[in-house]
Every structure is written in structure tokens, then in C-alpha cells.
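Undergrad: Structure file coords.cif (mmCIF, C-alpha atoms and all ligand atoms) right here:
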data_protein
#
loop_
_atom_site.group_PDB
_atom_site.id
_atom_site.type_symbol
_atom_site.label_atom_id
_atom_site.label_comp_id
_atom_site.auth_asym_id
_atom_site.auth_seq_id
_atom_site.Cartn_x
_atom_site.Cartn_y
_atom_site.Cartn_z
ATOM 1 C CA MET A 1 -36.102 -14.171 38.142
ATOM 2 C CA LEU A 2 -34.047 -14.963 35.019
ATOM 3 C CA GLU A 3 -34.524 -11.381 33.858
ATOM 4 C CA PHE A 4 -33.303 -10.140 37.217
ATOM 5 C CA VAL A 5 -30.242 -12.421 37.124
ATOM 6 C CA HIS A 6 -29.454 -11.324 33.576
ATOM 7 C CA ARG A 7 -29.757 -7.652 34.384
ATOM 8 C CA TYR A 8 -27.821 -7.597 37.623
ATOM 9 C CA TRP A 9 -25.363 -10.455 37.134
ATOM 10 C CA ASP A 10 -24.517 -10.810 33.435
ATOM 11 C CA CYS A 11 -24.829 -7.084 32.708
ATOM 12 C CA PRO A 12 -22.235 -4.716 34.151
ATOM 13 C CA PRO A 13 -23.383 -1.754 36.235
ATOM 14 C CA ILE A 14 -24.292 0.982 33.755
ATOM 15 C CA ILE A 15 -24.687 4.526 35.051
ATOM 16 C CA PRO A 16 -27.645 6.090 33.181
ATOM 17 C CA ARG A 17 -27.406 9.541 31.593
ATOM 18 C CA CYS A 18 -29.564 11.199 34.241
ATOM 19 C CA GLN A 19 -27.165 10.030 36.955
ATOM 20 C CA TRP A 20 -24.002 11.550 35.443
ATOM 21 C CA GLY A 21 -25.833 14.769 34.605
ATOM 22 C CA ALA A 22 -26.044 14.497 30.805
ATOM 23 C CA ALA A 23 -27.291 17.466 28.819
ATOM 24 C CA ALA A 24 -30.223 16.821 26.487
ATOM 25 C CA TYR A 25 -29.721 15.273 23.063
ATOM 26 C CA ARG A 26 -29.868 17.940 20.344
ATOM 27 C CA GLY A 27 -32.407 16.979 17.724
ATOM 28 C CA PHE A 28 -33.735 13.464 17.384
ATOM 29 C CA PRO A 29 -31.630 10.343 18.054
ATOM 30 C CA PHE A 30 -31.467 7.889 15.156
ATOM 31 C CA PRO A 31 -32.507 4.346 16.190
ATOM 32 C CA PHE A 32 -30.374 1.298 15.343
ATOM 33 C CA ALA A 33 -31.607 -1.860 13.623
ATOM 34 C CA LEU A 34 -30.592 -4.474 16.225
ATOM 35 C CA PRO A 35 -28.730 -6.767 16.669
ATOM 36 C CA LEU A 36 -25.539 -5.075 15.438
ATOM 37 C CA PRO A 37 -22.586 -6.957 13.906
ATOM 38 C CA PHE A 38 -19.689 -4.887 15.328
ATOM 39 C CA LEU A 39 -18.181 -3.498 18.515
ATOM 40 C CA TYR A 40 -15.443 -0.841 18.267
ATOM 41 C CA ILE A 41 -12.955 -0.105 21.050
ATOM 42 C CA HIS A 42 -11.438 3.348 21.728
ATOM 43 C CA HIS A 43 -9.504 5.234 24.386
ATOM 44 C CA THR A 44 -10.176 8.896 25.146
ATOM 45 C CA PHE A 45 -6.420 9.767 24.958
ATOM 46 C CA GLU A 46 -7.069 13.335 26.074
ATOM 47 C CA PRO A 47 -7.455 14.043 28.914
ATOM 48 C CA ASP A 48 -5.117 11.123 29.651
ATOM 49 C CA ARG A 49 -5.969 10.914 33.321
ATOM 50 C CA THR A 50 -8.114 7.963 34.254
ATOM 51 C CA CYS A 51 -10.983 8.526 36.683
ATOM 52 C CA HIS A 52 -11.275 6.464 39.822
ATOM 53 C CA SER A 53 -14.476 7.725 41.437
ATOM 54 C CA PHE A 54 -18.039 8.373 40.370
ATOM 55 C CA TRP A 55 -17.457 12.069 40.971
ATOM 56 C CA GLN A 56 -14.364 12.191 38.681
ATOM 57 C CA CYS A 57 -15.862 9.970 35.989
ATOM 58 C CA SER A 58 -19.189 11.800 35.823
ATOM 59 C CA ARG A 59 -17.265 15.083 35.544
ATOM 60 C CA SER A 60 -15.297 13.560 32.613
ATOM 61 C CA MET A 61 -18.572 12.503 31.014
ATOM 62 C CA ARG A 62 -20.028 16.009 31.226
ATOM 63 C CA ALA A 63 -16.799 17.527 29.866
ATOM 64 C CA MET A 64 -16.699 15.028 26.990
ATOM 65 C CA GLN A 65 -20.346 15.619 26.103
ATOM 66 C CA SER A 66 -19.825 19.371 26.179
ATOM 67 C CA PHE A 67 -16.733 19.059 23.921
ATOM 68 C CA HIS A 68 -18.627 16.885 21.431
ATOM 69 C CA GLN A 69 -21.712 19.107 21.394
ATOM 70 C CA GLU A 70 -20.120 22.554 21.584
ATOM 71 C CA ASP A 71 -16.735 22.147 19.827
ATOM 72 C CA ARG A 72 -17.460 19.314 17.411
ATOM 73 C CA GLY A 73 -21.066 20.367 16.828
ATOM 74 C CA TRP A 74 -22.402 16.837 17.315
ATOM 75 C CA THR A 75 -25.892 16.080 18.593
ATOM 76 C CA ASP A 76 -24.592 14.276 21.702
ATOM 77 C CA ILE A 77 -21.581 12.593 23.317
ATOM 78 C CA GLY A 78 -20.129 10.476 20.494
ATOM 79 C CA TYR A 79 -19.633 7.075 22.159
ATOM 80 C CA SER A 80 -22.252 4.443 22.895
ATOM 81 C CA PHE A 81 -20.670 3.573 26.262
ATOM 82 C CA VAL A 82 -17.787 4.968 28.306
ATOM 83 C CA VAL A 83 -15.744 2.886 30.762
ATOM 84 C CA GLY A 84 -14.331 4.473 33.906
ATOM 85 C CA SER A 85 -11.642 3.047 36.176
ATOM 86 C CA ASP A 86 -14.135 3.393 39.031
ATOM 87 C CA GLY A 87 -15.652 0.064 37.938
ATOM 88 C CA TYR A 88 -18.668 1.525 36.162
ATOM 89 C CA ILE A 89 -19.761 1.839 32.567
ATOM 90 C CA TYR A 90 -21.408 5.145 31.725
ATOM 91 C CA GLU A 91 -24.264 5.386 29.239
ATOM 92 C CA GLY A 92 -23.466 7.575 26.231
ATOM 93 C CA ARG A 93 -25.815 7.113 23.268
ATOM 94 C CA GLY A 94 -26.726 3.748 24.799
ATOM 95 C CA TRP A 95 -28.007 0.527 23.218
ATOM 96 C CA HIS A 96 -30.593 1.942 20.873
ATOM 97 C CA HIS A 97 -29.157 5.023 19.181
ATOM 98 C CA LEU A 98 -26.564 5.632 16.498
ATOM 99 C CA GLY A 99 -23.316 7.157 17.767
ATOM 100 C CA THR A 100 -20.458 9.243 16.326
ATOM 101 C CA HIS A 101 -17.235 7.350 17.056
ATOM 102 C CA THR A 102 -15.848 5.355 14.117
ATOM 103 C CA ARG A 103 -16.004 7.279 10.849
ATOM 104 C CA GLY A 104 -17.986 5.467 8.180
ATOM 105 C CA GLN A 105 -18.921 2.578 10.490
ATOM 106 C CA ASN A 106 -21.226 4.127 13.076
ATOM 107 C CA SER A 107 -24.352 2.448 11.707
ATOM 108 C CA TYR A 108 -22.893 -1.030 12.164
ATOM 109 C CA GLY A 109 -21.627 -1.103 15.706
ATOM 110 C CA TYR A 110 -21.361 0.205 19.233
ATOM 111 C CA GLY A 111 -18.440 2.479 20.124
ATOM 112 C CA VAL A 112 -17.023 1.739 23.581
ATOM 113 C CA VAL A 113 -14.304 3.987 24.989
ATOM 114 C CA PHE A 114 -12.018 3.523 27.988
ATOM 115 C CA ILE A 115 -11.314 6.831 29.747
ATOM 116 C CA GLY A 116 -7.535 7.409 29.726
ATOM 117 C CA ASN A 117 -4.450 7.126 27.513
ATOM 118 C CA TYR A 118 -3.578 3.460 26.976
ATOM 119 C CA SER A 119 -0.524 3.842 24.731
ATOM 120 C CA SER A 120 1.820 2.292 27.299
ATOM 121 C CA SER A 121 -0.367 1.080 30.176
ATOM 122 C CA LEU A 122 -3.651 -0.776 30.563
ATOM 123 C CA PRO A 123 -6.828 -0.339 32.600
ATOM 124 C CA SER A 124 -7.059 -2.856 35.466
ATOM 125 C CA ARG A 125 -8.126 -6.432 34.682
ATOM 126 C CA HIS A 126 -11.426 -5.794 36.463
ATOM 127 C CA VAL A 127 -12.133 -2.760 34.271
ATOM 128 C CA LEU A 128 -11.151 -4.622 31.069
ATOM 129 C CA ASP A 129 -13.434 -7.515 32.050
ATOM 130 C CA LEU A 130 -16.391 -5.141 32.405
ATOM 131 C CA VAL A 131 -16.328 -4.954 28.599
ATOM 132 C CA ARG A 132 -14.742 -8.275 27.606
ATOM 133 C CA GLN A 133 -16.892 -10.489 29.817
ATOM 134 C CA HIS A 134 -19.930 -8.569 30.920
ATOM 135 C CA LEU A 135 -20.910 -5.851 28.441
ATOM 136 C CA ALA A 136 -20.396 -8.136 25.431
ATOM 137 C CA LYS A 137 -22.325 -11.055 26.985
ATOM 138 C CA CYS A 138 -25.100 -8.769 28.147
ATOM 139 C CA ALA A 139 -25.390 -7.312 24.635
ATOM 140 C CA VAL A 140 -25.494 -10.731 22.944
ATOM 141 C CA ASP A 141 -28.001 -12.177 25.435
ATOM 142 C CA ALA A 142 -30.305 -9.198 24.961
ATOM 143 C CA ARG A 143 -29.902 -9.472 21.136
ATOM 144 C CA ARG A 144 -28.284 -6.068 20.849
ATOM 145 C CA LEU A 145 -25.113 -7.586 19.386
ATOM 146 C CA GLN A 146 -25.142 -10.567 17.030
ATOM 147 C CA ALA A 147 -23.886 -13.779 18.677
ATOM 148 C CA ASN A 148 -21.026 -13.925 16.141
ATOM 149 C CA PHE A 149 -20.249 -10.196 16.393
ATOM 150 C CA THR A 150 -16.815 -8.891 15.426
ATOM 151 C CA LEU A 151 -14.644 -6.770 17.690
ATOM 152 C CA HIS A 152 -12.383 -4.104 16.189
ATOM 153 C CA VAL A 153 -10.078 -1.435 17.540
ATOM 154 C CA HIS A 154 -10.517 2.049 16.109
ATOM 155 C CA ARG A 155 -7.161 2.027 14.242
ATOM 156 C CA GLN A 156 -8.291 -0.902 12.092
ATOM 157 C CA MET A 157 -10.975 1.278 10.571
ATOM 158 C CA VAL A 158 -9.401 4.716 10.141
ATOM 159 C CA ASP A 159 -5.968 6.337 10.318
ATOM 160 C CA THR A 160 -5.594 6.850 14.077
ATOM 161 C CA SER A 161 -3.446 5.491 16.909
ATOM 162 C CA CYS A 162 -6.593 4.899 19.012
ATOM 163 C CA PRO A 163 -6.936 2.937 21.324
ATOM 164 C CA GLY A 164 -3.156 3.138 22.058
ATOM 165 C CA ASP A 165 -0.524 0.421 21.534
ATOM 166 C CA ALA A 166 -0.997 -1.258 24.919
ATOM 167 C CA LEU A 167 -4.780 -1.500 24.761
ATOM 168 C CA CYS A 168 -4.625 -2.492 21.100
ATOM 169 C CA SER A 169 -2.334 -5.460 21.910
ATOM 170 C CA GLU A 170 -4.639 -6.491 24.742
ATOM 171 C CA ILE A 171 -7.797 -6.399 22.594
ATOM 172 C CA ARG A 172 -6.123 -8.497 19.871
ATOM 173 C CA GLY A 173 -6.222 -11.431 22.292
ATOM 174 C CA TRP A 174 -9.957 -11.125 23.023
ATOM 175 C CA GLU A 175 -12.677 -13.416 21.711
ATOM 176 C CA HIS A 176 -14.430 -12.104 18.588
ATOM 177 C CA PHE A 177 -11.449 -9.953 17.574
ATOM 178 C CA GLY A 178 -11.608 -9.454 13.796
ATOM 179 C CA LYS A 179 -8.192 -10.109 12.296
ATOM 180 C CA MET A 180 -9.367 -10.622 8.722
ATOM 181 C CA LEU A 181 -10.172 -6.989 8.368
ATOM 182 C CA LYS A 182 -10.042 -6.632 4.618
ATOM 183 C CA ARG A 183 -12.599 -9.339 4.011
ATOM 184 C CA GLN A 184 -14.814 -8.093 6.816
ATOM 185 C CA PHE A 185 -14.536 -4.553 5.583
ATOM 186 C CA CYS A 186 -15.845 -5.689 2.202
ATOM 187 C CA THR A 187 -18.656 -7.605 3.887
ATOM 188 C CA LEU A 188 -19.436 -4.498 5.854
ATOM 189 C CA LYS A 189 -19.756 -2.431 2.689
ATOM 190 C CA ALA A 190 -22.063 -5.037 1.192
ATOM 191 C CA GLN A 191 -24.253 -5.027 4.296
ATOM 192 C CA GLY A 192 -24.385 -1.268 4.077
ATOM 193 C CA ARG A 193 -26.159 -1.433 0.757
ATOM 194 C CA ILE A 194 -28.869 -3.777 1.941
ATOM 195 C CA PRO A 195 -31.000 -1.232 3.823
ATOM 196 C CA LEU A 196 -30.895 1.112 0.827
ATOM 197 C CA ASP A 197 -32.241 -1.662 -1.404
ATOM 198 C CA LEU A 198 -35.015 -2.697 0.936
ATOM 199 C CA PRO A 199 -37.615 -0.094 0.001
ATOM 200 C CA LEU A 200 -37.191 -1.037 -3.678
ATOM 201 C CA ARG A 201 -37.909 -4.706 -3.190
ATOM 202 C CA PRO A 202 -41.623 -4.428 -2.350
ATOM 203 C CA MET A 203 -41.931 -2.006 -5.257
ATOM 204 C CA LYS A 204 -40.260 -4.451 -7.664
ATOM 205 C CA ALA A 205 -42.385 -7.314 -6.379
ATOM 206 C CA TRP A 206 -45.491 -5.189 -6.771
ATOM 207 C CA LEU A 207 -44.530 -4.193 -10.310
ATOM 208 C CA LEU A 208 -43.733 -7.777 -11.281
ATOM 209 C CA ALA A 209 -46.984 -9.016 -9.794
ATOM 210 C CA GLY A 210 -48.882 -6.271 -11.603
ATOM 211 C CA LYS A 211 -47.248 -7.122 -14.885
ATOM 212 C CA ARG A 212 -48.048 -10.781 -14.482
ATOM 213 C CA VAL A 213 -51.666 -9.997 -13.717
ATOM 214 C CA PHE A 214 -51.790 -7.675 -16.713
ATOM 215 C CA LEU A 215 -50.323 -10.333 -19.011
ATOM 216 C CA GLU A 216 -52.697 -12.978 -17.741
HETATM 217 ZN ZN ZN B 1 -10.991 6.030 18.806
#
Mind turning the file's structure into C-alpha cells?

TA:
Amino acid sequence: MLEFVHRYWDCPPIIPRCQWGAAAYRGFPFPFALPLPFLYIHHTFEPDRTCHSFWQCSRSMRAMQSFHQEDRGWTDIGYSFVVGSDGYIYEGRGWHHLGTHTRGQNSYGYGVVFIGNYSSSLPSRHVLDLVRQHLAKCAVDARRLQANFTLHVHRQMVDTSCPGDALCSEIRGWEHFGKMLKRQFCTLKAQGRIPLDLPLRPMKAWLLAGKRVFLE
């Protein structure tokens, strides 16, 4: 019962890939080590038209995936999740697989994009809350995002105007927004080295143990 409540109440409606007509992933998706510490917010900018129906939004999804696969040469649609103004979130790479959305930071967080150009206007409050209230809570409850996760907008990480001035100002008022970017960026770099060191640790321990045994 609790599982049911969590899935259908706390989690927003997520349209799976098969439902929007996704093409197959090219190659093998790279799995994340969950829970992740970051969530990155984007807007699609182009095309700047928002979509207001499942038909329009799923067509945008297919066009975006085709652009990312054919023109950019990526393995799949870049974003983890895509938010339509039809009140649905569309599954991109999803919860478990590394995306291509925030250069240099893809391993550390989910990339969520709002379809449209939000330089001078905002998605509706209902659509914003799909991410602010429901997607974030769902992700923390299911241990996909860390409970103390940090929220960033794309422009904090690289030289871009994404996700537009209006959406950027909105996100700055959200819970978990990471203002102390410099410090967090340094922390992020440090965390990035940890997985590379991991395979060495058992080896070092083994060597040390062996040496001790040898000396004894
Ligand atoms: Zn972006």
C-alpha cells in the first residue's frame, strides 16, 4: 500500500520511453551509482514553443532524441527527464543511466529540462511543481537523489544562458538551490576522484597486509 501511495501520489506521472515512441539506445547505457548529489535544471530554448498535449510533447521528444542521436552523435536523448506543459514528465535516460546534459557534471546528477524558452516567461505553477515538489521528493524517497542534494541551473556550471533569465530567477528561490557554487564545485571535483581511487584501495590493503605477514 505504501509503495502504491509513493508511486502514484508522491511521484509525478512519468511517461515511459515506449509510450512516447523512443528510438533504441545506441550502445550500452552507463549505470549511475545512486543516490546522486545533484539535480541540474535546463530549458530546451529551441524550439521555443511549449507543448500542451501528449501528442505535441511526444513529437518534441522524438525530434529531440533524433537531433541528439543524429546531429550531435550521442547515444540517446541527452536529458534524464523532460517536462512538458501538458502536465507530464517524459522519461529520457531515466533514473538509472548517465545522461549528456551538463558538461563535466553528468556523472553527478540528473538533468531535467523544461520544454520551451523561459528567458522572459515561466511554465505554469503546476508544471513547475511537478519538479519542485514531486519529482525531487520521489527521487529522495526512492534514494535516487541524496536527501541533502543540491539543485543547480545549467548556467552555474558552464557558459550558457540556459535555463533562461525567468526560469533561473524562479529556481533560485527553490529549496536545495546551491548558491555557494565555488565551494560546491570544489567538493564536486573531490568527489569525482573518489571512484578512481577505489580500485586501488583493496590493492593497497592487500599489499600492506602481505608485507606485514612477510615481516612477521
Ligand atoms: Zn541547459

Undergrad: Compute the set of protein, DNA and RNA residues whose minimum atom distance to ligand ZN 1 (chain B) is at most 6 Å, using all atoms listed in the file, and state it as a ChimeraX atom specification.

TA: /A:42-43,154,162-163

Undergrad: May I ask for the distance between atom CA of A:Cys138 and atom CA of A:Cys11, given in Å to one decimal place?

TA: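 Interatomic distance here is 4.9 Å.
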
Undergrad: Evaluate the PyMOL selection byres (((chain A and resi 172) around 12) and not hetatm) against this structure - the residues, as a list in words, please.

TA: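 With the PyMOL selection byres (((chain A and resi 172) around 12) and not hetatm) on this model, the match is Ile41, Arg132, Thr150, Leu151, His152, Val153, Arg155, Gln156, Pro163, Asp165, Ala166, Leu167, Cys168, Ser169, Glu170, Ile171, Gly173, Trp174, Glu175, His176, Phe177, Gly178, Lys179 and Met180 of chain A.
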
Undergrad: Report, in Å with one decimal, the straight-line distance from atom CA of A:Val83 to atom CA of A:Ile14.

TA: 9.3 Å

Undergrad: Write out as a ChimeraX atom specification the residues lying within 9 Å of A:Val112, counting all atoms listed in the file and excluding same-chain residues fewer than 2 positions away.

TA: /A:39-43,79-83,101,110,114,131

Undergrad: Quick one: write out the picked residues with C-alpha atoms as a PDB file, keeping the file's coordinate frame?

TA:
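Saved the output as part-v7.pdb:
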ATOM      1  CA  LEU A  39     -18.181  -3.498  18.515  1.00  0.00           C
ATOM      2  CA  TYR A  40     -15.443  -0.841  18.267  1.00  0.00           C
ATOM      3  CA  ILE A  41     -12.955  -0.105  21.050  1.00  0.00           C
ATOM      4  CA  HIS A  42     -11.438   3.348  21.728  1.00  0.00           C
ATOM      5  CA  HIS A  43      -9.504   5.234  24.386  1.00  0.00           C
ATOM      6  CA  TYR A  79     -19.633   7.075  22.159  1.00  0.00           C
ATOM      7  CA  SER A  80     -22.252   4.443  22.895  1.00  0.00           C
ATOM      8  CA  PHE A  81     -20.670   3.573  26.262  1.00  0.00           C
ATOM      9  CA  VAL A  82     -17.787   4.968  28.306  1.00  0.00           C
ATOM     10  CA  VAL A  83     -15.744   2.886  30.762  1.00  0.00           C
ATOM     11  CA  HIS A 101     -17.235   7.350  17.056  1.00  0.00           C
ATOM     12  CA  TYR A 110     -21.361   0.205  19.233  1.00  0.00           C
ATOM     13  CA  PHE A 114     -12.018   3.523  27.988  1.00  0.00           C
ATOM     14  CA  VAL A 131     -16.328  -4.954  28.599  1.00  0.00           C
TER      15      VAL A 131
END

Undergrad: Please write the residues picked by the PyMOL selection byres (((chain A and resi 96) around 10) and not hetatm) on this file as a list in words.

TA: Pro29, Phe30, Pro31, Phe32, Ala33, Leu34, Pro35, Ser80, Arg93, Gly94, Trp95, His97, Leu98, Gly99, Tyr110 and Arg144 of chain A

Undergrad: Convert the output of the PyMOL selection byres (((chain A and resi 115) around 9) and not hetatm) on the shown file into explicit residues, formatted as an MDAnalysis selection string.

TA: chainID A and resid 42:51 57 60 82:85 113:114 116:118 123

Undergrad: Please provide the set of residues having any atom within 12 Å of stretch 18-23 of chain A, restricted to all atoms listed in the file, with same-chain residues fewer than 3 positions apart removed, written as a PyMOL selection string.

TA: chain A and resi 14-15+26+53-70+75-77+82+88-93

Undergrad: Pick the closest to A:Leu130 from A:Gly27, A:Met157, A:Gly87, A:Gly109: which is it, counting all atoms listed in the file?

TA: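 Checking each candidate against A:Leu130, we get A:Gly87 as the closest.
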
Undergrad: Enter the distance from atom CA of A:Leu36 to atom CA of A:Thr160, in Å, rounded to one decimal.

TA: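 Atom CA of A:Thr160 lies 23.3 Å from atom CA of A:Leu36.
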
Undergrad: Can you list, as a PyMOL selection string, every protein, DNA or RNA residue that comes within 6 Å of A:Phe149 when you count only C-alpha atoms, leaving out same-chain residues fewer than 3 positions away?

TA: chain A and resi 37-38+146

Undergrad: Please rebuild stretch 71-90 of chain A with N, CA and C atoms and give the result as a PDB file, in the frame of the given file.

TA:
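Saved to rebuild_19.pdb:
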ATOM      1  N   ASP A  71     -17.901  21.963  20.711  1.00  0.00           N
ATOM      2  CA  ASP A  71     -16.735  22.147  19.827  1.00  0.00           C
ATOM      3  C   ASP A  71     -16.864  21.373  18.524  1.00  0.00           C
ATOM      4  N   ARG A  72     -17.335  20.126  18.627  1.00  0.00           N
ATOM      5  CA  ARG A  72     -17.460  19.314  17.411  1.00  0.00           C
ATOM      6  C   ARG A  72     -18.783  19.577  16.694  1.00  0.00           C
ATOM      7  N   GLY A  73     -19.757  20.097  17.424  1.00  0.00           N
ATOM      8  CA  GLY A  73     -21.066  20.367  16.828  1.00  0.00           C
ATOM      9  C   GLY A  73     -21.911  19.122  16.629  1.00  0.00           C
ATOM     10  N   TRP A  74     -21.622  18.064  17.426  1.00  0.00           N
ATOM     11  CA  TRP A  74     -22.402  16.837  17.315  1.00  0.00           C
ATOM     12  C   TRP A  74     -23.675  16.962  18.150  1.00  0.00           C
ATOM     13  N   THR A  75     -24.611  16.037  17.889  1.00  0.00           N
ATOM     14  CA  THR A  75     -25.892  16.080  18.593  1.00  0.00           C
ATOM     15  C   THR A  75     -25.763  15.645  20.053  1.00  0.00           C
ATOM     16  N   ASP A  76     -24.716  14.844  20.349  1.00  0.00           N
ATOM     17  CA  ASP A  76     -24.592  14.276  21.702  1.00  0.00           C
ATOM     18  C   ASP A  76     -23.160  13.769  21.901  1.00  0.00           C
ATOM     19  N   ILE A  77     -22.868  13.266  23.085  1.00  0.00           N
ATOM     20  CA  ILE A  77     -21.581  12.593  23.317  1.00  0.00           C
ATOM     21  C   ILE A  77     -21.456  11.496  22.245  1.00  0.00           C
ATOM     22  N   GLY A  78     -20.257  11.348  21.657  1.00  0.00           N
ATOM     23  CA  GLY A  78     -20.129  10.476  20.494  1.00  0.00           C
ATOM     24  C   GLY A  78     -20.280   8.986  20.766  1.00  0.00           C
ATOM     25  N   TYR A  79     -19.740   8.515  21.903  1.00  0.00           N
ATOM     26  CA  TYR A  79     -19.633   7.075  22.159  1.00  0.00           C
ATOM     27  C   TYR A  79     -20.938   6.455  22.655  1.00  0.00           C
ATOM     28  N   SER A  80     -21.075   5.172  22.402  1.00  0.00           N
ATOM     29  CA  SER A  80     -22.252   4.443  22.895  1.00  0.00           C
ATOM     30  C   SER A  80     -22.134   4.230  24.402  1.00  0.00           C
ATOM     31  N   PHE A  81     -20.924   3.797  24.838  1.00  0.00           N
ATOM     32  CA  PHE A  81     -20.670   3.573  26.262  1.00  0.00           C
ATOM     33  C   PHE A  81     -19.252   4.020  26.609  1.00  0.00           C
ATOM     34  N   VAL A  82     -19.079   4.465  27.848  1.00  0.00           N
ATOM     35  CA  VAL A  82     -17.787   4.968  28.306  1.00  0.00           C
ATOM     36  C   VAL A  82     -17.422   4.197  29.584  1.00  0.00           C
ATOM     37  N   VAL A  83     -16.155   3.724  29.635  1.00  0.00           N
ATOM     38  CA  VAL A  83     -15.744   2.886  30.762  1.00  0.00           C
ATOM     39  C   VAL A  83     -14.792   3.650  31.667  1.00  0.00           C
ATOM     40  N   GLY A  84     -15.170   3.786  32.935  1.00  0.00           N
ATOM     41  CA  GLY A  84     -14.331   4.473  33.906  1.00  0.00           C
ATOM     42  C   GLY A  84     -13.495   3.465  34.686  1.00  0.00           C
ATOM     43  N   SER A  85     -12.436   3.942  35.323  1.00  0.00           N
ATOM     44  CA  SER A  85     -11.642   3.047  36.176  1.00  0.00           C
ATOM     45  C   SER A  85     -12.229   2.981  37.581  1.00  0.00           C
ATOM     46  N   ASP A  86     -13.431   3.518  37.752  1.00  0.00           N
ATOM     47  CA  ASP A  86     -14.135   3.393  39.031  1.00  0.00           C
ATOM     48  C   ASP A  86     -14.977   2.122  39.059  1.00  0.00           C
ATOM     49  N   GLY A  87     -14.901   1.318  37.961  1.00  0.00           N
ATOM     50  CA  GLY A  87     -15.652   0.064  37.938  1.00  0.00           C
ATOM     51  C   GLY A  87     -17.055   0.200  37.378  1.00  0.00           C
ATOM     52  N   TYR A  88     -17.346   1.334  36.748  1.00  0.00           N
ATOM     53  CA  TYR A  88     -18.668   1.525  36.162  1.00  0.00           C
ATOM     54  C   TYR A  88     -18.555   1.826  34.670  1.00  0.00           C
ATOM     55  N   ILE A  89     -19.627   1.450  33.964  1.00  0.00           N
ATOM     56  CA  ILE A  89     -19.761   1.839  32.567  1.00  0.00           C
ATOM     57  C   ILE A  89     -20.811   2.951  32.543  1.00  0.00           C
ATOM     58  N   TYR A  90     -20.512   4.002  31.800  1.00  0.00           N
ATOM     59  CA  TYR A  90     -21.408   5.145  31.725  1.00  0.00           C
ATOM     60  C   TYR A  90     -22.143   5.139  30.391  1.00  0.00           C
TER      61      TYR A  90
END
